>>> print(open('input.txt').read())   # compact mmCIF, C-alpha atoms and all ligand atoms
# COMPACT_ATOMS: atom_id res chain seq x y z
CA MET A 225 44.03 34.65 141.24
CA ASP A 226 46.38 31.91 142.34
CA GLN A 227 44.00 29.26 141.04
CA THR A 228 44.29 30.43 137.44
CA THR A 229 46.30 28.23 135.17
CA ALA A 230 49.38 30.27 134.46
CA PRO A 231 51.57 29.06 131.60
CA ALA A 232 54.64 27.24 132.87
CA ASP A 233 56.93 30.23 132.44
CA VAL A 234 54.63 32.67 134.24
CA PRO A 235 54.85 32.55 138.01
CA THR A 236 51.74 32.85 140.16
CA PRO A 237 51.86 35.88 142.48
CA SER A 238 52.23 33.67 145.54
CA ALA A 239 55.22 31.91 143.97
CA ILE A 240 57.22 35.09 143.64
CA PRO A 241 58.43 37.09 146.58
CA ALA A 242 56.74 40.43 147.19
CA ARG A 243 59.19 43.10 146.09
CA SER A 244 58.81 46.75 146.85
CA ALA A 245 61.71 47.63 144.51
CA LEU A 246 61.29 47.45 140.74
CA PRO A 247 62.17 43.89 139.64
CA ASP A 248 65.64 43.62 138.12
CA PRO A 249 65.25 43.38 134.34
CA LEU A 250 68.34 41.21 134.17
CA VAL A 251 67.22 38.55 136.65
CA ALA A 252 64.86 35.97 135.17
CA PHE A 253 61.76 34.81 137.03
CA ASP A 254 63.68 31.68 138.09
CA GLY A 255 66.26 33.88 139.82
CA THR A 256 69.09 33.34 137.33
CA ALA A 257 71.07 36.22 135.89
CA VAL A 258 70.63 37.31 132.29
CA GLU A 259 74.13 38.05 131.09
CA THR A 260 74.09 38.13 127.32
CA ALA A 261 72.04 39.72 124.56
CA ASP A 262 71.14 36.23 123.43
CA GLU A 263 69.80 35.27 126.86
CA TRP A 264 67.77 38.45 126.88
CA ASP A 265 66.26 37.73 123.44
CA VAL A 266 65.61 34.05 123.87
CA ARG A 267 64.67 33.78 127.52
CA ARG A 268 64.02 36.99 129.40
CA ARG A 269 62.24 39.08 126.74
CA PRO A 270 59.61 36.41 125.98
CA GLU A 271 58.92 35.65 129.65
CA ILE A 272 58.42 39.34 130.39
CA GLN A 273 56.06 39.67 127.42
CA ARG A 274 54.11 36.66 128.58
CA ALA A 275 53.84 38.05 132.10
CA PHE A 276 52.50 41.39 130.82
CA GLU A 277 49.91 39.56 128.74
CA HIS A 278 48.98 37.28 131.56
CA TYR A 279 48.79 39.69 134.47
CA VAL A 280 48.21 43.12 132.99
CA TYR A 281 46.93 43.61 129.45
CA GLY A 282 45.68 40.22 128.26
CA TYR A 283 46.69 38.06 125.31
CA ALA A 284 46.17 39.61 121.89
CA PRO A 285 45.63 37.54 118.73
CA ASP A 286 48.37 36.83 116.22
CA ALA A 287 48.69 39.09 113.20
CA PRO A 288 45.54 38.64 111.11
CA ALA A 289 45.22 38.55 107.34
CA ILE A 290 44.54 42.07 106.14
CA GLU A 291 43.69 43.75 102.90
CA ILE A 292 44.34 47.41 102.28
CA GLY A 293 41.73 49.29 100.29
CA THR A 294 42.65 51.78 97.60
CA GLY A 295 40.95 54.89 99.01
CA GLN A 296 41.76 58.43 97.99
CA SER A 297 45.12 60.17 97.58
CA THR A 298 44.88 63.91 97.55
CA ALA A 299 47.00 67.03 97.96
CA VAL A 300 46.55 68.91 101.24
CA LEU A 301 48.29 71.81 103.05
CA ASP A 302 48.54 73.86 99.85
CA GLY A 303 50.13 71.01 98.00
CA ARG A 304 52.91 70.49 100.55
CA ALA A 305 51.51 67.17 101.73
CA THR A 306 49.83 64.12 100.30
CA LEU A 307 46.93 62.60 102.21
CA GLU A 308 46.25 58.93 101.58
CA GLU A 309 43.16 57.41 103.14
CA ARG A 310 43.28 53.63 103.32
CA THR A 311 40.84 51.20 104.87
CA ILE A 312 42.38 48.16 106.54
CA TYR A 313 40.05 45.13 106.26
CA PHE A 314 40.40 41.98 108.34
CA THR A 315 39.78 39.45 105.62
CA ASP A 316 39.44 36.38 107.85
CA LEU A 317 36.78 38.01 110.01
CA PRO A 318 33.08 38.30 109.14
CA ALA A 319 32.09 41.17 106.87
CA ASP A 320 30.58 43.16 109.73
CA ALA A 321 33.90 43.23 111.65
CA PRO A 322 35.52 46.60 112.34
CA THR A 323 37.86 48.23 109.83
CA ILE A 324 40.68 50.69 110.44
CA GLU A 325 40.34 53.98 108.59
CA LEU A 326 43.98 55.02 108.31
CA ALA A 327 44.95 58.52 107.19
CA VAL A 328 48.57 59.00 106.10
CA PHE A 329 50.01 62.50 105.61
CA THR A 330 53.44 62.61 103.95
CA PRO A 331 55.54 65.40 102.44
CA ALA A 332 54.55 65.80 98.77
CA ASP A 333 58.13 66.38 97.61
CA ARG A 334 59.74 63.29 99.14
CA ASP A 335 59.72 59.67 97.99
CA SER A 336 59.87 57.86 101.27
CA VAL A 337 59.97 59.27 104.78
CA PRO A 338 59.91 58.25 108.43
CA VAL A 339 56.36 58.32 109.76
CA PHE A 340 54.82 58.78 113.19
CA LEU A 341 51.87 56.48 113.75
CA GLY A 342 49.43 57.40 116.50
CA LEU A 343 45.83 56.93 117.54
CA ASN A 344 43.86 60.15 117.66
CA ASN A 345 40.83 60.80 119.83
CA GLY A 346 39.24 63.53 117.73
CA GLY A 347 39.02 61.80 114.37
CA ASN A 348 41.25 62.13 111.31
CA HIS A 349 39.36 65.29 110.34
CA ALA A 350 40.54 66.96 113.56
CA ILE A 351 44.19 66.82 112.42
CA ILE A 352 43.89 69.56 109.77
CA ASP A 353 41.06 71.87 108.80
CA ASP A 354 40.46 70.58 105.28
CA PRO A 355 37.22 69.19 103.84
CA ALA A 356 39.32 66.63 101.92
CA VAL A 357 39.72 64.58 105.11
CA THR A 358 36.95 62.03 105.50
CA ILE A 359 34.90 62.13 108.68
CA THR A 360 34.81 58.40 109.32
CA ASP A 361 31.84 56.66 110.91
CA THR A 362 33.60 56.02 114.21
CA ALA A 363 34.92 59.58 114.32
CA ALA A 364 31.40 60.87 113.68
CA GLU A 365 30.19 58.82 116.63
CA PHE A 366 33.10 59.15 119.06
CA GLY A 367 35.25 62.05 117.84
CA VAL A 368 34.91 65.81 117.76
CA GLU A 369 32.61 67.72 115.48
CA ASP A 370 34.85 70.46 114.14
CA ARG A 371 37.59 69.97 111.60
CA GLY A 372 41.14 70.89 112.47
CA VAL A 373 40.61 71.35 116.23
CA ALA A 374 43.60 69.14 117.02
CA SER A 375 45.96 70.83 114.53
CA GLU A 376 48.08 72.46 117.24
CA TYR A 377 48.27 69.15 119.04
CA TRP A 378 49.35 66.97 116.11
CA CYS A 379 51.35 69.73 114.39
CA VAL A 380 51.28 67.92 111.08
CA GLU A 381 52.54 70.99 109.18
CA GLN A 382 55.64 70.97 111.36
CA LEU A 383 56.14 67.26 110.76
CA ILE A 384 55.79 67.67 107.00
CA GLU A 385 58.22 70.61 106.98
CA ARG A 386 60.80 68.52 108.80
CA GLY A 387 60.45 65.60 106.42
CA TYR A 388 58.20 63.32 108.46
CA GLY A 389 54.79 61.84 107.90
CA LEU A 390 51.87 61.24 110.26
CA ALA A 391 49.66 58.16 110.09
CA THR A 392 46.60 58.05 112.28
CA PHE A 393 43.19 56.59 113.01
CA HIS A 394 40.54 56.79 115.67
CA PRO A 395 40.89 54.21 118.47
CA ALA A 396 37.18 53.38 118.21
CA ASP A 397 37.95 51.79 114.83
CA ILE A 398 39.31 48.98 117.00
CA GLY A 399 37.08 49.49 119.99
CA PRO A 400 35.36 52.33 121.79
CA ASP A 401 36.70 53.41 125.14
CA ARG A 402 34.02 51.90 127.30
CA ASP A 403 33.31 48.81 129.31
CA ASP A 404 31.25 46.84 126.81
CA PRO A 405 32.84 43.55 125.69
CA THR A 406 30.33 43.18 122.86
CA GLU A 407 31.77 46.14 120.96
CA GLY A 408 34.83 46.59 118.77
CA ILE A 409 37.25 43.92 117.55
CA GLN A 410 37.48 41.86 120.76
CA PRO A 411 34.28 39.79 120.33
CA TYR A 412 35.56 38.58 116.94
CA TYR A 413 38.35 36.65 118.65
CA ALA A 414 36.97 33.83 120.77
CA ASP A 415 40.06 31.60 120.93
CA LEU A 416 42.93 33.30 122.64
CA PRO A 417 45.64 31.83 124.86
CA GLY A 418 45.20 31.97 128.62
CA PRO A 419 42.28 31.48 130.98
CA ALA A 420 39.18 33.70 130.80
CA PRO A 421 40.39 36.43 133.19
CA THR A 422 43.39 37.04 130.94
CA ARG A 423 41.29 38.11 127.96
CA TRP A 424 42.67 41.21 126.30
CA GLY A 425 41.53 44.59 127.46
CA THR A 426 41.11 47.74 125.42
CA ILE A 427 44.72 48.90 125.71
CA ALA A 428 45.89 45.57 124.27
CA ALA A 429 43.30 45.88 121.50
CA TRP A 430 44.42 49.40 120.64
CA ALA A 431 48.07 48.28 120.63
CA TRP A 432 47.13 45.41 118.33
CA GLY A 433 45.35 47.94 116.10
CA LEU A 434 48.48 50.08 115.96
CA ARG A 435 50.40 47.02 114.83
CA ARG A 436 47.90 46.62 111.99
CA GLY A 437 48.69 50.23 111.14
CA VAL A 438 52.35 49.15 110.95
CA ASP A 439 51.33 46.28 108.63
CA ALA A 440 49.78 48.82 106.29
CA LEU A 441 52.63 51.34 106.50
CA LEU A 442 55.13 48.66 105.54
CA GLU A 443 53.20 48.20 102.30
CA ASN A 444 53.27 51.92 101.56
CA PRO A 445 56.14 53.08 99.31
CA ARG A 446 55.83 56.64 100.68
CA VAL A 447 56.89 55.31 104.10
CA ARG A 448 60.43 54.30 105.00
CA ASP A 449 60.39 50.72 106.28
CA ASP A 450 63.05 51.45 108.87
CA GLY A 451 61.48 54.72 109.95
CA ILE A 452 58.29 53.78 111.77
CA ALA A 453 57.77 55.67 115.02
CA VAL A 454 54.79 55.16 117.28
CA ILE A 455 53.44 57.91 119.49
CA GLY A 456 50.43 58.19 121.76
CA HIS A 457 49.18 60.43 124.53
CA SER A 458 47.98 59.23 127.90
CA ARG A 459 45.71 56.18 127.51
CA LEU A 460 46.79 56.07 123.89
CA GLY A 461 50.40 56.41 125.05
CA LYS A 462 49.93 53.25 127.08
CA ALA A 463 48.82 51.55 123.85
CA ALA A 464 51.75 53.03 121.91
CA LEU A 465 54.24 51.73 124.47
CA LEU A 466 52.66 48.28 124.50
CA ALA A 467 52.78 48.13 120.69
CA GLY A 468 56.44 49.19 120.71
CA ALA A 469 57.28 46.63 123.38
CA PHE A 470 55.88 43.75 121.36
CA ASP A 471 56.58 44.76 117.78
CA GLU A 472 60.18 45.06 116.66
CA ARG A 473 59.14 46.52 113.33
CA ILE A 474 58.50 49.73 115.27
CA ASP A 475 61.73 51.71 115.15
CA LEU A 476 61.13 54.41 117.75
CA VAL A 477 58.61 54.87 120.56
CA VAL A 478 57.25 58.04 122.16
CA PRO A 479 54.90 57.32 125.05
CA HIS A 480 53.67 60.83 125.81
CA GLN A 481 52.42 61.42 129.35
CA SER A 482 51.46 57.74 129.42
CA GLY A 483 51.22 57.44 133.21
CA THR A 484 50.11 54.33 135.06
CA GLY A 485 49.80 51.37 132.72
CA GLY A 486 52.30 53.24 130.50
CA VAL A 487 55.83 54.21 131.53
CA THR A 488 54.95 54.94 135.17
CA PRO A 489 55.42 52.01 137.55
CA ALA A 490 52.65 50.54 139.66
CA ARG A 491 55.01 50.28 142.63
CA ASP A 492 55.53 53.27 144.89
CA ASN A 493 53.15 55.42 142.88
CA ASP A 494 51.31 57.97 145.00
CA GLN A 495 49.32 59.27 142.02
CA GLU A 496 47.19 56.90 139.91
CA THR A 497 47.35 53.53 141.66
CA VAL A 498 46.47 50.13 140.21
CA ALA A 499 43.36 50.21 142.41
CA ALA A 500 42.32 53.61 141.03
CA ILE A 501 42.97 52.88 137.36
CA THR A 502 41.30 49.47 137.36
CA GLU A 503 38.28 50.85 139.16
CA ALA A 504 37.89 53.83 136.83
CA PHE A 505 38.77 51.95 133.62
CA PRO A 506 38.11 48.23 134.19
CA HIS A 507 38.04 47.56 130.44
CA TRP A 508 41.60 48.81 129.81
CA PHE A 509 43.29 45.77 131.34
CA ASN A 510 42.56 42.08 131.74
CA ASP A 511 40.61 40.79 134.73
CA LEU A 512 43.66 39.61 136.69
CA PHE A 513 45.29 43.03 136.95
CA PRO A 514 42.77 44.50 139.45
CA ALA A 515 43.84 41.81 141.95
CA PHE A 516 47.13 43.72 142.28
CA GLY A 517 45.31 46.85 143.49
CA GLY A 518 46.62 47.60 146.97
CA ARG A 519 49.48 45.12 146.50
CA PRO A 520 51.49 46.17 143.43
CA GLU A 521 54.59 44.69 145.07
CA ARG A 522 53.19 41.28 144.11
CA LEU A 523 53.32 42.04 140.40
CA PRO A 524 55.93 39.88 138.68
CA VAL A 525 56.56 42.76 136.31
CA ASP A 526 56.42 46.52 136.43
CA GLN A 527 56.31 49.15 133.74
CA HIS A 528 60.09 49.66 133.45
CA LEU A 529 60.12 46.17 131.94
CA LEU A 530 57.78 47.31 129.20
CA VAL A 531 60.27 50.09 128.46
CA ALA A 532 63.05 47.50 128.52
CA LEU A 533 61.22 45.43 125.89
CA VAL A 534 61.65 48.35 123.49
CA ALA A 535 65.45 48.12 123.86
CA PRO A 536 67.68 48.51 121.89
CA ARG A 537 65.29 50.72 119.92
CA PRO A 538 65.09 54.41 120.84
CA LEU A 539 62.44 55.58 123.29
CA LEU A 540 61.70 59.15 124.37
CA ASP A 541 59.40 59.49 127.35
CA THR A 542 57.82 62.94 127.18
CA GLU A 543 56.21 64.36 130.31
CA GLY A 544 54.62 67.56 131.64
CA THR A 545 56.02 68.97 134.89
CA ARG A 546 52.52 69.93 136.04
CA ASP A 547 50.95 66.70 134.86
CA TYR A 548 51.01 65.27 138.37
CA TRP A 549 48.61 62.35 137.82
CA THR A 550 51.02 60.70 135.37
CA ASN A 551 53.82 60.94 137.95
CA PRO A 552 56.77 62.03 135.77
CA GLY A 553 59.23 61.43 138.62
CA ARG A 554 58.31 57.77 138.88
CA ALA A 555 58.30 57.53 135.08
CA LEU A 556 61.91 58.68 135.20
CA ASP A 557 62.70 55.92 137.69
CA SER A 558 61.15 53.50 135.23
CA ILE A 559 63.33 54.74 132.37
CA ARG A 560 66.42 54.51 134.56
CA ALA A 561 65.56 51.00 135.65
CA ALA A 562 65.28 49.90 132.01
CA ASP A 563 68.69 51.34 131.11
CA PRO A 564 70.75 48.22 131.95
CA VAL A 565 68.95 46.38 129.14
CA TYR A 566 70.04 49.03 126.63
CA ASP A 567 73.60 48.60 127.93
CA LEU A 568 73.40 44.83 127.60
CA LEU A 569 72.21 45.17 124.02
CA GLY A 570 75.09 47.49 123.16
CA GLU A 571 73.27 50.82 123.11
CA ASP A 572 74.23 53.89 125.08
CA GLY A 573 70.74 54.18 126.62
CA LEU A 574 70.72 57.08 129.06
CA VAL A 575 73.25 59.86 128.73
CA GLY A 576 73.96 61.64 132.03
CA ASP A 577 70.93 61.50 134.29
CA GLY A 578 68.65 60.86 131.31
CA LEU A 579 66.47 63.94 131.91
CA LEU A 580 66.04 66.95 129.64
CA TYR A 581 63.87 70.02 130.23
CA GLY A 582 62.20 72.65 128.07
CA ASP A 583 64.80 74.33 125.87
CA ASP A 584 67.54 71.76 126.50
CA LYS A 585 68.87 70.71 123.13
CA VAL A 586 68.14 67.15 122.09
CA THR A 587 71.42 66.29 120.35
CA ALA A 588 73.90 63.44 120.10
CA GLY A 589 75.74 64.82 123.13
CA THR A 590 72.71 65.18 125.37
CA VAL A 591 70.60 62.10 124.71
CA GLY A 592 71.21 58.48 123.95
CA THR A 593 68.63 55.97 122.82
CA LEU A 594 66.61 56.39 126.03
CA ALA A 595 65.60 59.64 127.70
CA GLN A 596 62.89 61.56 129.46
CA TYR A 597 62.03 65.04 128.23
CA ARG A 598 59.86 67.40 130.30
CA ARG A 599 58.10 70.63 129.54
CA GLU A 600 56.26 73.04 131.81
CA THR A 601 52.80 71.86 130.89
CA GLU A 602 49.81 70.02 132.20
CA HIS A 603 48.28 67.10 130.33
CA THR A 604 48.67 68.07 126.69
CA LEU A 605 50.70 67.76 123.50
CA ASN A 606 51.97 70.77 121.55
CA GLN A 607 54.62 72.11 119.22
CA GLY A 608 57.29 72.40 121.92
CA TYR A 609 57.08 68.68 122.51
CA TRP A 610 57.18 67.97 118.80
CA ASP A 611 60.39 70.04 118.44
CA ALA A 612 62.11 67.73 120.91
CA ILE A 613 60.47 64.58 119.52
CA LEU A 614 61.56 65.42 115.96
CA ASP A 615 65.09 66.27 117.13
CA PHE A 616 65.19 62.86 118.81
CA ALA A 617 63.85 61.22 115.65
CA ASP A 618 66.42 63.09 113.51
CA LEU A 619 69.14 61.57 115.66
CA HIS A 620 67.88 58.03 115.49
CA LEU A 621 65.97 57.72 112.23
CA GLY A 622 68.23 60.13 110.38
C1 LIG A 701 42.87 59.61 133.09
C2 LIG A 701 43.48 58.30 133.48
C3 LIG A 701 44.91 58.27 133.03
C4 LIG A 701 45.08 58.75 131.60
C5 LIG A 701 44.12 59.85 131.22
C6 LIG A 701 43.97 60.12 129.72
O1 LIG A 701 41.60 59.79 133.56
O2 LIG A 701 43.39 58.18 134.87
O3 LIG A 701 45.46 56.98 133.20
O4 LIG A 701 45.00 57.71 130.72
O5 LIG A 701 42.86 59.64 131.70
O6 LIG A 701 43.90 59.21 128.91
O7 LIG A 701 43.90 61.29 129.39
>>> encode(input="input.txt", output="structure tokens", more="lines below")
Ligand code: GTR
Amino acid sequence: MDQTTAPADVPTPSAIPARSALPDPLVAFDGTAVETADEWDVRRRPEIQRAFEHYVYGYAPDAPAIEIGTGQSTAVLDGRATLEERTIYFTDLPADAPTIELAVFTPADRDSVPVFLGLNNGGNHAIIDDPAVTITDTAAEFGVEDRGVASEYWCVEQLIERGYGLATFHPADIGPDRDDPTEGIQPYYADLPGPAPTRWGTIAAWAWGLRRGVDALLENPRVRDDGIAVIGHSRLGKAALLAGAFDERIDLVVPHQSGTGGVTPARDNDQETVAAITEAFPHWFNDLFPAFGGRPERLPVDQHLLVALVAPRPLLDTEGTRDYWTNPGRALDSIRAADPVYDLLGEDGLVGDGLLYGDDKVTAGTVGTLAQYRRETEHTLNQGYWDAILDFADLHLG
């Protein structure tokens, strides 16, 4: 690993001291203090981003040229919502390159609303039970068979009622969740920064795909430009957080039960370790990250810094108390360790201890721009979570 050519501002693991504590977000890799918002923006934020690309997720391509197809617009949910299906084409790539099949549900009676963008594992047709929703090719291959089976997970009726939209596509539009580098969008990008072992993994590709979803939403008059929230669950929560950390057009981030490689640190994690995750899912990360298995204290970064990259934008980390593998306690440590960056950038960040449970009210008095919210669940998403998420969004996206 130490032989790889790291860019000048990325330290090699041997050049940085092993640290069992989470690295201080406000101390640059060269050991100097980061004392102003400007220093954070110009110096520290980019070096942290570079280190995540280099050591963890891989370098993703720049924003590509896209074209958005016309597709269908149709009334769904008894006329309460409008469904727009739009294909996102990558116009500089060969004609056989992947496309994103984006479905956007928005309240029929509003002009322009905040929208949650998230990857869905079932297929767009799993969101509501309505034959109007297209079963896309990738969803037919990788998603579920039955329509509407994820309706109590995505709760789109509840979103619509509360004045929000949902935009979604299947992750396999960008790349299937398996260890085959010949599939998906990745093989279409040969020239990326960094040496070969830093080539982007699937989480980076999914995050990049989400950012293409943002490109499309910003062109959509039914979507409020300053109201784009990104959400994702578990492996897709890791992608949502990564997208939010790199893309300042994203206004609010909800990494739901995102675990290791998401909000949960690699250090001092007695649940899913770097060794375990890179062995089970080698394609999720780049090929340098596995070298930190068994020695996470050598990582120049840890996941609290990914949270910090979202600052000053609001982030709600949602976790299940019985979802042990994601390690909600360590995720809370991560949130807390990112808080000083919110302070530096003039946001209130955590209020109190930063933790809310179950029926705790998510209001201006109880949460700031950064919080963890837990429910008594295992590894799932449901209406109770959405109540809290939408309360948080009401506060910050108004
Ligand atoms: C697990 C994996 C977790 C999490 C989860 C999921 O098997 O170990 O990191 O991503 O899958 O995506 O549901």
>>> residues_near_ligand(input="input.txt", ligand="ligand LIG 701 (chain A)", cutoff="9 Å", atoms="all atoms listed in the file", output="list in words")
His457, Ser458, Arg459, Leu460, Gly461, Lys462, Gln481, Ser482, Gly483, Thr484, Gly485, Gly486, Glu496, Ala500, Ile501, Ala504, Phe505, Trp549, Thr550, His603 and Thr604 of chain A
>>> residues_near_point(input="input.txt", point="(55.4, 43.3, 141.6)", cutoff="9 Å", atoms="all atoms listed in the file", output="CSV table (one decimal) with C-alpha atoms, keeping the file's coordinate frame")
chain,number,residue,atom,x,y,z
A,237,PRO,CA,51.9,35.9,142.5
A,240,ILE,CA,57.2,35.1,143.6
A,241,PRO,CA,58.4,37.1,146.6
A,242,ALA,CA,56.7,40.4,147.2
A,243,ARG,CA,59.2,43.1,146.1
A,244,SER,CA,58.8,46.8,146.8
A,245,ALA,CA,61.7,47.6,144.5
A,246,LEU,CA,61.3,47.4,140.7
A,247,PRO,CA,62.2,43.9,139.6
A,490,ALA,CA,52.6,50.5,139.7
A,491,ARG,CA,55.0,50.3,142.6
A,516,PHE,CA,47.1,43.7,142.3
A,519,ARG,CA,49.5,45.1,146.5
A,520,PRO,CA,51.5,46.2,143.4
A,521,GLU,CA,54.6,44.7,145.1
A,522,ARG,CA,53.2,41.3,144.1
A,523,LEU,CA,53.3,42.0,140.4
A,524,PRO,CA,55.9,39.9,138.7
A,525,VAL,CA,56.6,42.8,136.3
A,526,ASP,CA,56.4,46.5,136.4
>>> atom_distance(input="input.txt", atom1="atom CA of A:Pro538", atom2="atom CA of A:Arg599")
19.7 Å
>>> atom_distance(input="input.txt", atom1="atom CA of A:Glu259", atom2="atom CA of A:Val534")
17.9 Å
>>> residues_near_point(input="input.txt", point="(51.6, 61.3, 142.3)", cutoff="9 Å", atoms="all atoms listed in the file", output="ChimeraX atom specification")
/A:493-497,548-554
>>> residues_around(input="input.txt", residues="A:Arg446", least_positions_apart="6", cutoff="10 Å", atoms="only C-alpha atoms", output="PDB file with C-alpha atoms, in the frame of the given file")
ATOM      1  CA  THR A 306      49.830  64.120 100.300  1.00  0.00           C
ATOM      2  CA  GLU A 308      46.250  58.930 101.580  1.00  0.00           C
ATOM      3  CA  VAL A 328      48.570  59.000 106.100  1.00  0.00           C
ATOM      4  CA  PHE A 329      50.010  62.500 105.610  1.00  0.00           C
ATOM      5  CA  THR A 330      53.440  62.610 103.950  1.00  0.00           C
ATOM      6  CA  PRO A 331      55.540  65.400 102.440  1.00  0.00           C
ATOM      7  CA  ALA A 332      54.550  65.800  98.770  1.00  0.00           C
ATOM      8  CA  ARG A 334      59.740  63.290  99.140  1.00  0.00           C
ATOM      9  CA  ASP A 335      59.720  59.670  97.990  1.00  0.00           C
ATOM     10  CA  SER A 336      59.870  57.860 101.270  1.00  0.00           C
ATOM     11  CA  VAL A 337      59.970  59.270 104.780  1.00  0.00           C
ATOM     12  CA  PRO A 338      59.910  58.250 108.430  1.00  0.00           C
ATOM     13  CA  VAL A 339      56.360  58.320 109.760  1.00  0.00           C
ATOM     14  CA  GLY A 389      54.790  61.840 107.900  1.00  0.00           C
TER      15      GLY A 389
END
>>> closest_residue(input="input.txt", among="A:Asp475, A:Asp254, A:Glu263, A:Glu277", to="A:Leu530", atoms="all atoms listed in the file")
A:Glu277
>>> closest_residue(input="input.txt", among="A:Ala535, A:Ile290, A:Ala284, A:Ala364", to="A:Gly425", atoms="only C-alpha atoms")
A:Ala284
>>> closest_residue(input="input.txt", among="A:Arg304, A:Ala467, A:Val575, A:Asp450", to="A:Gly387", atoms="only C-alpha atoms")
A:Arg304
>>> closest_residue(input="input.txt", among="A:Val478, A:Ala440, A:Val454, A:Ile427", to="A:Val280", atoms="all atoms listed in the file")
A:Ile427
>>> residues_around(input="input.txt", residues="A:Glu365", least_positions_apart="5", cutoff="10 Å", atoms="only C-alpha atoms", output="PyMOL selection string")
chain A and resi 347+359-360+396+400
>>> residues_around(input="input.txt", residues="A:Asp572", least_positions_apart="5", cutoff="7 Å", atoms="all atoms listed in the file", output="number ranges by chain")
A: 566-567, 592-593
>>> closest_residue(input="input.txt", among="A:Gly468, A:Phe253, A:Arg560, A:Gly293", to="A:Glu271", atoms="only C-alpha atoms")
A:Phe253
>>> build_atoms(input="input.txt", residues="stretch 476-492 of chain A", atoms="N, CA and C atoms", output="short mmCIF file (atom, residue, chain, number, x, y, z; two decimals), in the coordinates of the input")
data_model
loop_
_atom_site.label_atom_id
_atom_site.label_comp_id
_atom_site.auth_asym_id
_atom_site.auth_seq_id
_atom_site.Cartn_x
_atom_site.Cartn_y
_atom_site.Cartn_z
N LEU A 476 60.94 53.37 116.73
CA LEU A 476 61.13 54.41 117.75
C LEU A 476 59.79 54.58 118.46
N VAL A 477 59.85 54.81 119.77
CA VAL A 477 58.61 54.87 120.56
C VAL A 477 58.57 56.15 121.40
N VAL A 478 57.44 56.84 121.33
CA VAL A 478 57.25 58.04 122.16
C VAL A 478 55.96 57.89 122.96
N PRO A 479 56.07 57.35 124.17
CA PRO A 479 54.90 57.32 125.05
C PRO A 479 54.80 58.69 125.70
N HIS A 480 53.78 59.45 125.32
CA HIS A 480 53.67 60.83 125.81
C HIS A 480 52.72 60.87 127.01
N GLN A 481 53.25 61.29 128.14
CA GLN A 481 52.42 61.42 129.35
C GLN A 481 51.55 60.17 129.52
N SER A 482 52.21 59.01 129.49
CA SER A 482 51.46 57.74 129.42
C SER A 482 51.02 57.26 130.80
N GLY A 483 51.69 57.70 131.85
CA GLY A 483 51.22 57.44 133.21
C GLY A 483 51.15 55.97 133.59
N THR A 484 50.31 55.69 134.55
CA THR A 484 50.11 54.33 135.06
C THR A 484 49.59 53.44 133.93
N GLY A 485 50.16 52.24 133.85
CA GLY A 485 49.80 51.37 132.72
C GLY A 485 50.60 51.73 131.47
N GLY A 486 51.39 52.84 131.57
CA GLY A 486 52.30 53.24 130.50
C GLY A 486 53.72 53.13 131.04
N VAL A 487 54.45 54.24 131.04
CA VAL A 487 55.83 54.21 131.53
C VAL A 487 55.89 54.20 133.06
N THR A 488 54.90 54.77 133.71
CA THR A 488 54.95 54.94 135.17
C THR A 488 54.69 53.63 135.91
N PRO A 489 55.58 53.29 136.83
CA PRO A 489 55.42 52.01 137.55
C PRO A 489 54.18 51.97 138.43
N ALA A 490 53.73 50.76 138.69
CA ALA A 490 52.65 50.54 139.66
C ALA A 490 53.18 50.68 141.08
N ARG A 491 54.42 50.23 141.29
CA ARG A 491 55.01 50.28 142.63
C ARG A 491 55.32 51.72 143.03
N ASP A 492 55.12 51.98 144.31
CA ASP A 492 55.53 53.27 144.89
C ASP A 492 55.00 54.45 144.06
#
